[in-house]
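**Student:** Structure supplied as upload22.csv; contents: CSV, N, CA and C atoms.
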chain,number,residue,atom,x,y,z
X,141,MET,N,14.1,15.6,-14.4
X,141,MET,CA,12.8,15.8,-13.8
X,141,MET,C,11.9,14.6,-14.0
X,142,ALA,N,11.9,14.0,-15.1
X,142,ALA,CA,11.0,12.9,-15.4
X,142,ALA,C,11.2,11.7,-14.5
X,143,ARG,N,12.5,11.5,-14.2
X,143,ARG,CA,12.8,10.3,-13.3
X,143,ARG,C,12.2,10.6,-11.9
X,144,VAL,N,12.4,11.8,-11.4
X,144,VAL,CA,11.9,12.1,-10.0
X,144,VAL,C,10.3,12.0,-10.1
X,145,ARG,N,9.7,12.6,-11.1
X,145,ARG,CA,8.3,12.6,-11.2
X,145,ARG,C,7.7,11.1,-11.3
X,146,ASN,N,8.4,10.3,-12.0
X,146,ASN,CA,8.0,8.9,-12.1
X,146,ASN,C,8.2,8.1,-10.8
X,147,ILE,N,9.3,8.4,-10.1
X,147,ILE,CA,9.5,7.7,-8.8
X,147,ILE,C,8.3,8.2,-7.9
X,148,ARG,N,8.1,9.4,-7.8
X,148,ARG,CA,7.0,9.9,-7.0
X,148,ARG,C,5.6,9.3,-7.4
X,149,HIS,N,5.4,9.2,-8.6
X,149,HIS,CA,4.2,8.6,-9.1
X,149,HIS,C,4.0,7.1,-8.6
X,150,LEU,N,5.1,6.4,-8.7
X,150,LEU,CA,5.1,5.0,-8.3
X,150,LEU,C,5.0,4.9,-6.8
X,151,LEU,N,5.6,5.7,-6.0
X,151,LEU,CA,5.5,5.7,-4.6
X,151,LEU,C,4.1,6.1,-4.1
X,152,THR,N,3.5,7.1,-4.8
X,152,THR,CA,2.2,7.6,-4.4
X,152,THR,C,1.2,6.5,-4.7
X,153,ALA,N,1.5,5.7,-5.8
X,153,ALA,CA,0.6,4.6,-6.1
X,153,ALA,C,0.6,3.5,-5.1
X,154,GLY,N,1.6,3.5,-4.2
X,154,GLY,CA,1.6,2.5,-3.1
X,154,GLY,C,2.8,1.5,-3.2
X,155,LEU,N,3.7,1.7,-4.2
X,155,LEU,CA,4.9,0.9,-4.2
X,155,LEU,C,5.9,1.4,-3.2
X,156,ILE,N,6.9,0.6,-2.9
X,156,ILE,CA,8.0,1.0,-2.1
X,156,ILE,C,9.2,1.1,-2.9
X,157,LEU,N,10.3,1.7,-2.4
X,157,LEU,CA,11.5,1.9,-3.2
X,157,LEU,C,12.1,0.6,-3.7
X,158,GLU,N,12.0,-0.4,-3.0
X,158,GLU,CA,12.5,-1.7,-3.5
X,158,GLU,C,11.7,-2.1,-4.8
X,159,ASP,N,10.4,-1.8,-4.8
X,159,ASP,CA,9.6,-2.2,-6.0
X,159,ASP,C,10.0,-1.3,-7.1
X,160,VAL,N,10.3,0.0,-6.9
X,160,VAL,CA,10.6,0.9,-7.9
X,160,VAL,C,11.8,0.5,-8.7
X,161,ARG,N,12.7,-0.3,-8.1
X,161,ARG,CA,13.9,-0.7,-8.9
X,161,ARG,C,13.6,-1.5,-10.1
X,162,VAL,N,12.4,-2.2,-10.1
X,162,VAL,CA,12.0,-2.9,-11.3
X,162,VAL,C,11.8,-2.0,-12.5
X,163,PHE,N,11.4,-0.7,-12.2
X,163,PHE,CA,11.1,0.2,-13.2
X,163,PHE,C,12.2,1.1,-13.7
X,164,LEU,N,13.4,0.8,-13.1
X,164,LEU,CA,14.6,1.7,-13.5
X,164,LEU,C,14.8,1.9,-15.0
X,165,PRO,N,14.7,0.8,-15.8
X,165,PRO,CA,14.9,1.0,-17.2
X,165,PRO,C,13.9,2.0,-17.9
X,166,CYS,N,12.8,2.3,-17.3
X,166,CYS,CA,11.8,3.2,-18.0
X,166,CYS,C,11.5,4.4,-17.2
X,167,LEU,N,12.3,4.7,-16.1
X,167,LEU,CA,12.0,5.9,-15.3
X,167,LEU,C,12.2,7.2,-16.0
X,168,ASP,N,13.0,7.3,-17.1
X,168,ASP,CA,13.2,8.5,-17.8
X,168,ASP,C,12.1,8.8,-18.8
X,169,GLY,N,11.2,7.8,-19.0
X,169,GLY,CA,10.1,8.0,-20.0
X,169,GLY,C,8.9,8.4,-19.2
X,170,ASP,N,7.7,8.1,-19.8
X,170,ASP,CA,6.4,8.4,-19.2
X,170,ASP,C,5.8,7.2,-18.6
X,171,VAL,N,6.2,6.8,-17.4
X,171,VAL,CA,5.8,5.6,-16.7
X,171,VAL,C,4.3,5.5,-16.6
X,172,ALA,N,3.6,6.6,-16.3
X,172,ALA,CA,2.1,6.6,-16.2
X,172,ALA,C,1.4,6.2,-17.5
X,173,ALA,N,2.0,6.6,-18.6
X,173,ALA,CA,1.3,6.4,-19.9
X,173,ALA,C,1.8,5.2,-20.6
X,174,ALA,N,2.9,4.6,-20.2
X,174,ALA,CA,3.5,3.5,-20.9
X,174,ALA,C,2.7,2.2,-20.6
X,175,PRO,N,2.6,1.3,-21.5
X,175,PRO,CA,1.9,0.0,-21.2
X,175,PRO,C,2.7,-0.7,-20.1
X,176,PRO,N,2.0,-1.3,-19.2
X,176,PRO,CA,2.7,-2.0,-18.1
X,176,PRO,C,3.4,-3.3,-18.5
X,177,SER,N,4.5,-3.6,-18.0
X,177,SER,CA,5.2,-4.9,-18.3
X,177,SER,C,4.6,-6.0,-17.4
X,178,ASP,N,4.8,-7.2,-17.8
X,178,ASP,CA,4.3,-8.3,-16.9
X,178,ASP,C,4.9,-8.3,-15.5
X,179,ARG,N,6.2,-8.0,-15.5
X,179,ARG,CA,6.9,-7.9,-14.2
X,179,ARG,C,6.4,-6.8,-13.4
X,180,GLY,N,6.2,-5.6,-14.0
X,180,GLY,CA,5.6,-4.5,-13.3
X,180,GLY,C,4.3,-4.8,-12.7
X,181,LEU,N,3.4,-5.4,-13.5
X,181,LEU,CA,2.1,-5.8,-13.0
X,181,LEU,C,2.2,-6.8,-11.8
X,182,ARG,N,3.2,-7.7,-11.9
X,182,ARG,CA,3.3,-8.7,-10.9
X,182,ARG,C,3.8,-8.0,-9.6
X,183,ILE,N,4.7,-7.1,-9.7
X,183,ILE,CA,5.2,-6.4,-8.5
X,183,ILE,C,4.0,-5.6,-7.9
X,184,ALA,N,3.2,-4.9,-8.7
X,184,ALA,CA,2.1,-4.2,-8.2
X,184,ALA,C,1.1,-5.1,-7.5
X,185,GLN,N,0.8,-6.3,-8.1
X,185,GLN,CA,-0.1,-7.2,-7.4
X,185,GLN,C,0.4,-7.7,-6.1
X,186,GLU,N,1.7,-8.0,-6.1
X,186,GLU,CA,2.4,-8.5,-4.8
X,186,GLU,C,2.3,-7.4,-3.7
X,187,ARG,N,2.5,-6.1,-4.1
X,187,ARG,CA,2.4,-5.0,-3.1
X,187,ARG,C,1.0,-4.9,-2.7
X,188,LEU,N,0.0,-5.0,-3.6
X,188,LEU,CA,-1.4,-4.9,-3.2
X,188,LEU,C,-1.8,-6.0,-2.3
X,189,THR,N,-1.3,-7.2,-2.5
X,189,THR,CA,-1.6,-8.4,-1.6
X,189,THR,C,-1.0,-8.1,-0.2
X,190,ALA,N,0.2,-7.6,-0.2
X,190,ALA,CA,0.8,-7.3,1.1
X,190,ALA,C,0.1,-6.2,1.8
X,191,LEU,N,-0.4,-5.2,1.1
X,191,LEU,CA,-1.2,-4.1,1.8
X,191,LEU,C,-2.5,-4.6,2.3
X,192,ASN,N,-3.1,-5.5,1.5
X,192,ASN,CA,-4.4,-6.0,1.9
X,192,ASN,C,-4.3,-6.9,3.2
X,193,ARG,N,-3.2,-7.6,3.3
X,193,ARG,CA,-2.9,-8.4,4.5
X,193,ARG,C,-2.7,-7.5,5.7
X,194,ARG,N,-1.9,-6.4,5.5
X,194,ARG,CA,-1.7,-5.5,6.6
X,194,ARG,C,-3.0,-4.8,7.0
X,195,ILE,N,-3.8,-4.4,6.1
X,195,ILE,CA,-5.1,-3.8,6.4
X,195,ILE,C,-6.0,-4.7,7.2
X,196,ALA,N,-6.0,-6.0,6.7
X,196,ALA,CA,-6.8,-7.0,7.4
X,196,ALA,C,-6.3,-7.2,8.9
X,197,ALA,N,-5.0,-7.2,9.1
X,197,ALA,CA,-4.5,-7.4,10.4
X,197,ALA,C,-4.8,-6.2,11.3
X,198,GLN,N,-4.7,-5.0,10.7
X,198,GLN,CA,-5.0,-3.8,11.5
X,198,GLN,C,-6.5,-3.7,11.8
X,199,THR,N,-7.3,-4.1,10.9
X,199,THR,CA,-8.8,-4.1,11.1
X,199,THR,C,-9.1,-5.1,12.2
X,200,GLU,N,-8.5,-6.3,12.2
X,200,GLU,CA,-8.8,-7.2,13.3
X,200,GLU,C,-8.3,-6.7,14.6
X,201,ALA,N,-7.1,-6.1,14.7
X,201,ALA,CA,-6.6,-5.5,15.9
X,201,ALA,C,-7.6,-4.4,16.4
X,202,ARG,N,-8.0,-3.5,15.5
X,202,ARG,CA,-9.0,-2.5,15.9
X,202,ARG,C,-10.2,-3.0,16.5
X,203,ASP,N,-10.8,-4.1,15.8
X,203,ASP,CA,-12.0,-4.7,16.3
X,203,ASP,C,-11.9,-5.3,17.6
X,204,ARG,N,-10.7,-6.0,17.9
X,204,ARG,CA,-10.5,-6.6,19.2
X,204,ARG,C,-10.4,-5.5,20.3
X,205,LEU,N,-9.7,-4.4,20.0
X,205,LEU,CA,-9.5,-3.3,20.9
X,205,LEU,C,-10.8,-2.7,21.2
X,206,GLU,N,-11.6,-2.5,20.2
X,206,GLU,CA,-12.9,-1.8,20.3
X,206,GLU,C,-13.8,-2.7,21.2
X,207,THR,N,-13.8,-4.0,21.0
X,207,THR,CA,-14.7,-4.9,21.8
X,207,THR,C,-14.2,-4.9,23.2
X,208,ALA,N,-12.9,-5.0,23.4
X,208,ALA,CA,-12.4,-5.0,24.8
X,208,ALA,C,-12.7,-3.7,25.5
X,209,SER,N,-12.5,-2.6,24.8
X,209,SER,CA,-12.8,-1.3,25.4
X,209,SER,C,-14.3,-1.1,25.8
X,210,ARG,N,-15.1,-1.6,24.9
X,210,ARG,CA,-16.6,-1.5,25.1
X,210,ARG,C,-16.9,-2.4,26.3
X,211,GLN,N,-16.4,-3.6,26.4
X,211,GLN,CA,-16.7,-4.5,27.5
X,211,GLN,C,-16.1,-3.9,28.8
X,212,ALA,N,-14.9,-3.4,28.8
X,212,ALA,CA,-14.4,-2.8,30.0
X,212,ALA,C,-15.1,-1.6,30.5
X,213,ALA,N,-15.7,-0.8,29.6
X,213,ALA,CA,-16.4,0.4,30.0
X,213,ALA,C,-17.9,0.1,30.2
X,214,GLY,N,-18.3,-1.2,30.1
X,214,GLY,CA,-19.7,-1.5,30.3
X,214,GLY,C,-20.6,-0.9,29.3
X,215,GLY,N,-20.2,-0.8,28.1
X,215,GLY,CA,-21.0,-0.2,27.0
X,215,GLY,C,-21.1,1.3,27.0
X,216,ARG,N,-20.3,2.0,27.8
X,216,ARG,CA,-20.3,3.4,27.8
X,216,ARG,C,-19.5,4.0,26.7
X,217,VAL,N,-18.6,3.2,26.0
X,217,VAL,CA,-17.8,3.7,24.9
X,217,VAL,C,-18.5,3.4,23.6
X,218,ARG,N,-18.6,4.4,22.8
X,218,ARG,CA,-19.2,4.2,21.5
X,218,ARG,C,-18.1,3.8,20.5
X,219,PRO,N,-18.5,3.0,19.5
X,219,PRO,CA,-17.5,2.7,18.4
X,219,PRO,C,-16.9,3.9,17.7
X,220,SER,N,-15.6,3.9,17.5
X,220,SER,CA,-15.0,5.1,16.7
X,220,SER,C,-15.3,4.9,15.3
X,221,LYS,N,-15.2,6.0,14.6
X,221,LYS,CA,-15.5,5.9,13.1
X,221,LYS,C,-14.2,6.3,12.4
Using structure tokens, write down the structure from this file.
**Tutor:**
Amino acid sequence: MARVRNIRHLLTAGLILEDVRVFLPCLDGDVAAAPPSDRGLRIAQERLTALNRRIAAQTEARDRLETASRQAAGGRVRPSK
């Protein structure tokens, strides 16, 4: 059960299954309470960087679509929240 719980914890934190492989040696312990390894921290930072890039790209796409929609509607469309 600990292994499944740890995998879920890592996935919920934002890692992907490929990232979780780095943690295989410690999945039977308490991953959440254990001190992080340098490699684990590097993997987490790389995933965070990738997520931030995707978020930025999606934000730009949303802003472009919102602007185009507003212009096409002559200002009748309000920005979505």
**Student:** Would you mind reading off the distance between atom N of Arg194 (chain X) and CA of Glu206 (chain X), one decimal, in Å?
**Tutor:** 19.0 Å
**Student:** Skip Val171 (chain X) itself and residues of its chain fewer than 3 positions away, then list as a ChimeraX atom specification all residues within 6 Å of it, counting all atoms listed in the file.
**Tutor:** /X:146,166,174
**Student:** Please identify the helix (DSSP H, G or I) residues within region 149-221 of chain X (assignment by DSSP from backbone atoms) and present them as a ChimeraX atom specification.
**Tutor:** /X:149-152,157-166,178-212
**Student:** Would you mind exporting the chosen residues as a compact mmCIF listing (two decimals), keeping the file's coordinate frame, restricted to N, CA and C atoms?
**Tutor:**
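Wrote again.txt, looks like this:
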# COMPACT_ATOMS: atom_id res chain seq x y z
N HIS X 149 5.40 9.20 -8.60
CA HIS X 149 4.20 8.60 -9.10
C HIS X 149 4.00 7.10 -8.60
N LEU X 150 5.10 6.40 -8.70
CA LEU X 150 5.10 5.00 -8.30
C LEU X 150 5.00 4.90 -6.80
N LEU X 151 5.60 5.70 -6.00
CA LEU X 151 5.50 5.70 -4.60
C LEU X 151 4.10 6.10 -4.10
N THR X 152 3.50 7.10 -4.80
CA THR X 152 2.20 7.60 -4.40
C THR X 152 1.20 6.50 -4.70
N LEU X 157 10.30 1.70 -2.40
CA LEU X 157 11.50 1.90 -3.20
C LEU X 157 12.10 0.60 -3.70
N GLU X 158 12.00 -0.40 -3.00
CA GLU X 158 12.50 -1.70 -3.50
C GLU X 158 11.70 -2.10 -4.80
N ASP X 159 10.40 -1.80 -4.80
CA ASP X 159 9.60 -2.20 -6.00
C ASP X 159 10.00 -1.30 -7.10
N VAL X 160 10.30 0.00 -6.90
CA VAL X 160 10.60 0.90 -7.90
C VAL X 160 11.80 0.50 -8.70
N ARG X 161 12.70 -0.30 -8.10
CA ARG X 161 13.90 -0.70 -8.90
C ARG X 161 13.60 -1.50 -10.10
N VAL X 162 12.40 -2.20 -10.10
CA VAL X 162 12.00 -2.90 -11.30
C VAL X 162 11.80 -2.00 -12.50
N PHE X 163 11.40 -0.70 -12.20
CA PHE X 163 11.10 0.20 -13.20
C PHE X 163 12.20 1.10 -13.70
N LEU X 164 13.40 0.80 -13.10
CA LEU X 164 14.60 1.70 -13.50
C LEU X 164 14.80 1.90 -15.00
N PRO X 165 14.70 0.80 -15.80
CA PRO X 165 14.90 1.00 -17.20
C PRO X 165 13.90 2.00 -17.90
N CYS X 166 12.80 2.30 -17.30
CA CYS X 166 11.80 3.20 -18.00
C CYS X 166 11.50 4.40 -17.20
N ASP X 178 4.80 -7.20 -17.80
CA ASP X 178 4.30 -8.30 -16.90
C ASP X 178 4.90 -8.30 -15.50
N ARG X 179 6.20 -8.00 -15.50
CA ARG X 179 6.90 -7.90 -14.20
C ARG X 179 6.40 -6.80 -13.40
N GLY X 180 6.20 -5.60 -14.00
CA GLY X 180 5.60 -4.50 -13.30
C GLY X 180 4.30 -4.80 -12.70
N LEU X 181 3.40 -5.40 -13.50
CA LEU X 181 2.10 -5.80 -13.00
C LEU X 181 2.20 -6.80 -11.80
N ARG X 182 3.20 -7.70 -11.90
CA ARG X 182 3.30 -8.70 -10.90
C ARG X 182 3.80 -8.00 -9.60
N ILE X 183 4.70 -7.10 -9.70
CA ILE X 183 5.20 -6.40 -8.50
C ILE X 183 4.00 -5.60 -7.90
N ALA X 184 3.20 -4.90 -8.70
CA ALA X 184 2.10 -4.20 -8.20
C ALA X 184 1.10 -5.10 -7.50
N GLN X 185 0.80 -6.30 -8.10
CA GLN X 185 -0.10 -7.20 -7.40
C GLN X 185 0.40 -7.70 -6.10
N GLU X 186 1.70 -8.00 -6.10
CA GLU X 186 2.40 -8.50 -4.80
C GLU X 186 2.30 -7.40 -3.70
N ARG X 187 2.50 -6.10 -4.10
CA ARG X 187 2.40 -5.00 -3.10
C ARG X 187 1.00 -4.90 -2.70
N LEU X 188 0.00 -5.00 -3.60
CA LEU X 188 -1.40 -4.90 -3.20
C LEU X 188 -1.80 -6.00 -2.30
N THR X 189 -1.30 -7.20 -2.50
CA THR X 189 -1.60 -8.40 -1.60
C THR X 189 -1.00 -8.10 -0.20
N ALA X 190 0.20 -7.60 -0.20
CA ALA X 190 0.80 -7.30 1.10
C ALA X 190 0.10 -6.20 1.80
N LEU X 191 -0.40 -5.20 1.10
CA LEU X 191 -1.20 -4.10 1.80
C LEU X 191 -2.50 -4.60 2.30
N ASN X 192 -3.10 -5.50 1.50
CA ASN X 192 -4.40 -6.00 1.90
C ASN X 192 -4.30 -6.90 3.20
N ARG X 193 -3.20 -7.60 3.30
CA ARG X 193 -2.90 -8.40 4.50
C ARG X 193 -2.70 -7.50 5.70
N ARG X 194 -1.90 -6.40 5.50
CA ARG X 194 -1.70 -5.50 6.60
C ARG X 194 -3.00 -4.80 7.00
N ILE X 195 -3.80 -4.40 6.10
CA ILE X 195 -5.10 -3.80 6.40
C ILE X 195 -6.00 -4.70 7.20
N ALA X 196 -6.00 -6.00 6.70
CA ALA X 196 -6.80 -7.00 7.40
C ALA X 196 -6.30 -7.20 8.90
N ALA X 197 -5.00 -7.20 9.10
CA ALA X 197 -4.50 -7.40 10.40
C ALA X 197 -4.80 -6.20 11.30
N GLN X 198 -4.70 -5.00 10.70
CA GLN X 198 -5.00 -3.80 11.50
C GLN X 198 -6.50 -3.70 11.80
N THR X 199 -7.30 -4.10 10.90
CA THR X 199 -8.80 -4.10 11.10
C THR X 199 -9.10 -5.10 12.20
N GLU X 200 -8.50 -6.30 12.20
CA GLU X 200 -8.80 -7.20 13.30
C GLU X 200 -8.30 -6.70 14.60
N ALA X 201 -7.10 -6.10 14.70
CA ALA X 201 -6.60 -5.50 15.90
C ALA X 201 -7.60 -4.40 16.40
N ARG X 202 -8.00 -3.50 15.50
CA ARG X 202 -9.00 -2.50 15.90
C ARG X 202 -10.20 -3.00 16.50
N ASP X 203 -10.80 -4.10 15.80
CA ASP X 203 -12.00 -4.70 16.30
C ASP X 203 -11.90 -5.30 17.60
N ARG X 204 -10.70 -6.00 17.90
CA ARG X 204 -10.50 -6.60 19.20
C ARG X 204 -10.40 -5.50 20.30
N LEU X 205 -9.70 -4.40 20.00
CA LEU X 205 -9.50 -3.30 20.90
C LEU X 205 -10.80 -2.70 21.20
N GLU X 206 -11.60 -2.50 20.20
CA GLU X 206 -12.90 -1.80 20.30
C GLU X 206 -13.80 -2.70 21.20
N THR X 207 -13.80 -4.00 21.00
CA THR X 207 -14.70 -4.90 21.80
C THR X 207 -14.20 -4.90 23.20
N ALA X 208 -12.90 -5.00 23.40
CA ALA X 208 -12.40 -5.00 24.80
C ALA X 208 -12.70 -3.70 25.50
N SER X 209 -12.50 -2.60 24.80
CA SER X 209 -12.80 -1.30 25.40
C SER X 209 -14.30 -1.10 25.80
N ARG X 210 -15.10 -1.60 24.90
CA ARG X 210 -16.60 -1.50 25.10
C ARG X 210 -16.90 -2.40 26.30
N GLN X 211 -16.40 -3.60 26.40
CA GLN X 211 -16.70 -4.50 27.50
C GLN X 211 -16.10 -3.90 28.80
N ALA X 212 -14.90 -3.40 28.80
CA ALA X 212 -14.40 -2.80 30.00
C ALA X 212 -15.10 -1.60 30.50
**Student:** Tell me which of X:Arg210, X:Arg193, X:Arg145, X:Arg202 sits closest to Leu167 (chain X), counting only N, CA and C atoms.
**Tutor:**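 Looking at the shortest contact to Leu167 (chain X), the residue is X:Arg145.
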**Student:** Considering only C-alpha atoms, can you say which of X:Gly154, X:Ala213, X:Asp203, X:Phe163 comes closest to Pro176 (chain X)?
**Tutor:**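 Selected residue with least distance to Pro176 (chain X): X:Phe163.
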**Student:** With all atoms listed in the file as the atoms that count, which of X:Gln198, X:Glu186, X:Ala212, X:Ile147 lies nearest to Val160 (chain X)?
**Tutor:** X:Ile147
**Student:** For each of X:Arg143, X:Glu200, X:Ala190, X:Gln211, take the minimum atom-to-atom distance to Asp168 (chain X), counting all atoms listed in the file, then give the residue where this is smallest.
**Tutor:**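 Of all the options, X:Arg143 lies closest to Asp168 (chain X).
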**Student:** Between atom C of Leu150 (chain X) and CA of Ala196 (chain X), what is the spacing in Å?
**Tutor:**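 These atoms are spaced 22.0 Å apart.
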**Student:** Point out the residue among X:Thr207, X:Met141, X:His149, X:Ile156 with the least atom-to-atom distance to Arg187 (chain X), counting only C-alpha atoms.
**Tutor:** X:Ile156
**Student:** When you draw a straight line from atom N of Ala153 (chain X) to atom C of Thr199 (chain X), how long is it in Å?
**Tutor:**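 Distance between the two atoms: 23.5 Å.
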**Student:** Taking the structure I provided as the source, export region 171-193 of chain X with N, CA, C and O atoms, as a short mmCIF file (atom, residue, chain, number, x, y, z; two decimals), in the first residue's frame.
**Tutor:**
data_model
loop_
_atom_site.label_atom_id
_atom_site.label_comp_id
_atom_site.auth_asym_id
_atom_site.auth_seq_id
_atom_site.Cartn_x
_atom_site.Cartn_y
_atom_site.Cartn_z
N VAL X 171 7.80 8.62 1.29
CA VAL X 171 8.37 9.60 0.36
C VAL X 171 8.08 11.03 0.81
O VAL X 171 8.94 11.89 0.72
N ALA X 172 6.89 11.27 1.31
CA ALA X 172 6.50 12.63 1.71
C ALA X 172 7.33 13.15 2.87
O ALA X 172 7.60 14.35 2.96
N ALA X 173 7.76 12.27 3.77
CA ALA X 173 8.50 12.70 4.96
C ALA X 173 10.02 12.59 4.79
O ALA X 173 10.77 13.18 5.57
N ALA X 174 10.45 11.84 3.81
CA ALA X 174 11.89 11.63 3.62
C ALA X 174 12.56 12.89 3.08
O ALA X 174 11.95 13.66 2.34
N PRO X 175 13.82 13.12 3.44
CA PRO X 175 14.53 14.27 2.88
C PRO X 175 14.72 14.06 1.37
O PRO X 175 15.03 12.95 0.93
N PRO X 176 14.52 15.09 0.58
CA PRO X 176 14.62 14.93 -0.87
C PRO X 176 16.07 14.74 -1.32
O PRO X 176 16.99 15.31 -0.75
N SER X 177 16.23 13.95 -2.35
CA SER X 177 17.57 13.77 -2.93
C SER X 177 17.82 14.89 -3.94
O SER X 177 16.88 15.54 -4.41
N ASP X 178 19.07 15.11 -4.25
CA ASP X 178 19.41 16.13 -5.25
C ASP X 178 18.76 15.79 -6.60
O ASP X 178 18.23 16.67 -7.28
N ARG X 179 18.77 14.52 -6.95
CA ARG X 179 18.17 14.10 -8.22
C ARG X 179 16.66 14.31 -8.21
O ARG X 179 16.07 14.78 -9.19
N GLY X 180 16.02 13.98 -7.10
CA GLY X 180 14.58 14.19 -6.97
C GLY X 180 14.21 15.66 -7.07
O GLY X 180 13.23 16.02 -7.72
N LEU X 181 15.00 16.50 -6.43
CA LEU X 181 14.76 17.94 -6.51
C LEU X 181 14.95 18.46 -7.93
O LEU X 181 14.19 19.32 -8.39
N ARG X 182 15.96 17.92 -8.62
CA ARG X 182 16.20 18.34 -10.01
C ARG X 182 15.03 17.95 -10.90
O ARG X 182 14.57 18.74 -11.73
N ILE X 183 14.53 16.74 -10.73
CA ILE X 183 13.39 16.26 -11.52
C ILE X 183 12.18 17.14 -11.24
O ILE X 183 11.46 17.55 -12.17
N ALA X 184 11.93 17.45 -9.98
CA ALA X 184 10.79 18.31 -9.63
C ALA X 184 10.94 19.70 -10.25
O ALA X 184 9.98 20.26 -10.78
N GLN X 185 12.14 20.25 -10.22
CA GLN X 185 12.36 21.58 -10.80
C GLN X 185 12.18 21.55 -12.32
O GLN X 185 11.61 22.47 -12.90
N GLU X 186 12.65 20.48 -12.96
CA GLU X 186 12.47 20.35 -14.41
C GLU X 186 10.99 20.26 -14.77
O GLU X 186 10.54 20.86 -15.74
N ARG X 187 10.23 19.51 -13.98
CA ARG X 187 8.79 19.38 -14.24
C ARG X 187 8.10 20.72 -14.02
O ARG X 187 7.22 21.12 -14.79
N LEU X 188 8.50 21.44 -12.98
CA LEU X 188 7.92 22.76 -12.71
C LEU X 188 8.22 23.72 -13.85
O LEU X 188 7.34 24.47 -14.30
N THR X 189 9.43 23.68 -14.37
CA THR X 189 9.79 24.52 -15.51
C THR X 189 8.93 24.19 -16.72
O THR X 189 8.42 25.08 -17.41
N ALA X 190 8.74 22.89 -16.99
CA ALA X 190 7.91 22.47 -18.12
C ALA X 190 6.47 22.94 -17.94
O ALA X 190 5.84 23.42 -18.89
N LEU X 191 5.95 22.79 -16.73
CA LEU X 191 4.57 23.23 -16.46
C LEU X 191 4.44 24.74 -16.63
O LEU X 191 3.46 25.22 -17.21
N ASN X 192 5.41 25.49 -16.14
CA ASN X 192 5.36 26.94 -16.29
C ASN X 192 5.39 27.36 -17.75
O ASN X 192 4.68 28.30 -18.15
N ARG X 193 6.16 26.67 -18.57
CA ARG X 193 6.18 26.96 -20.01
C ARG X 193 4.83 26.68 -20.65
O ARG X 193 4.34 27.46 -21.47
#
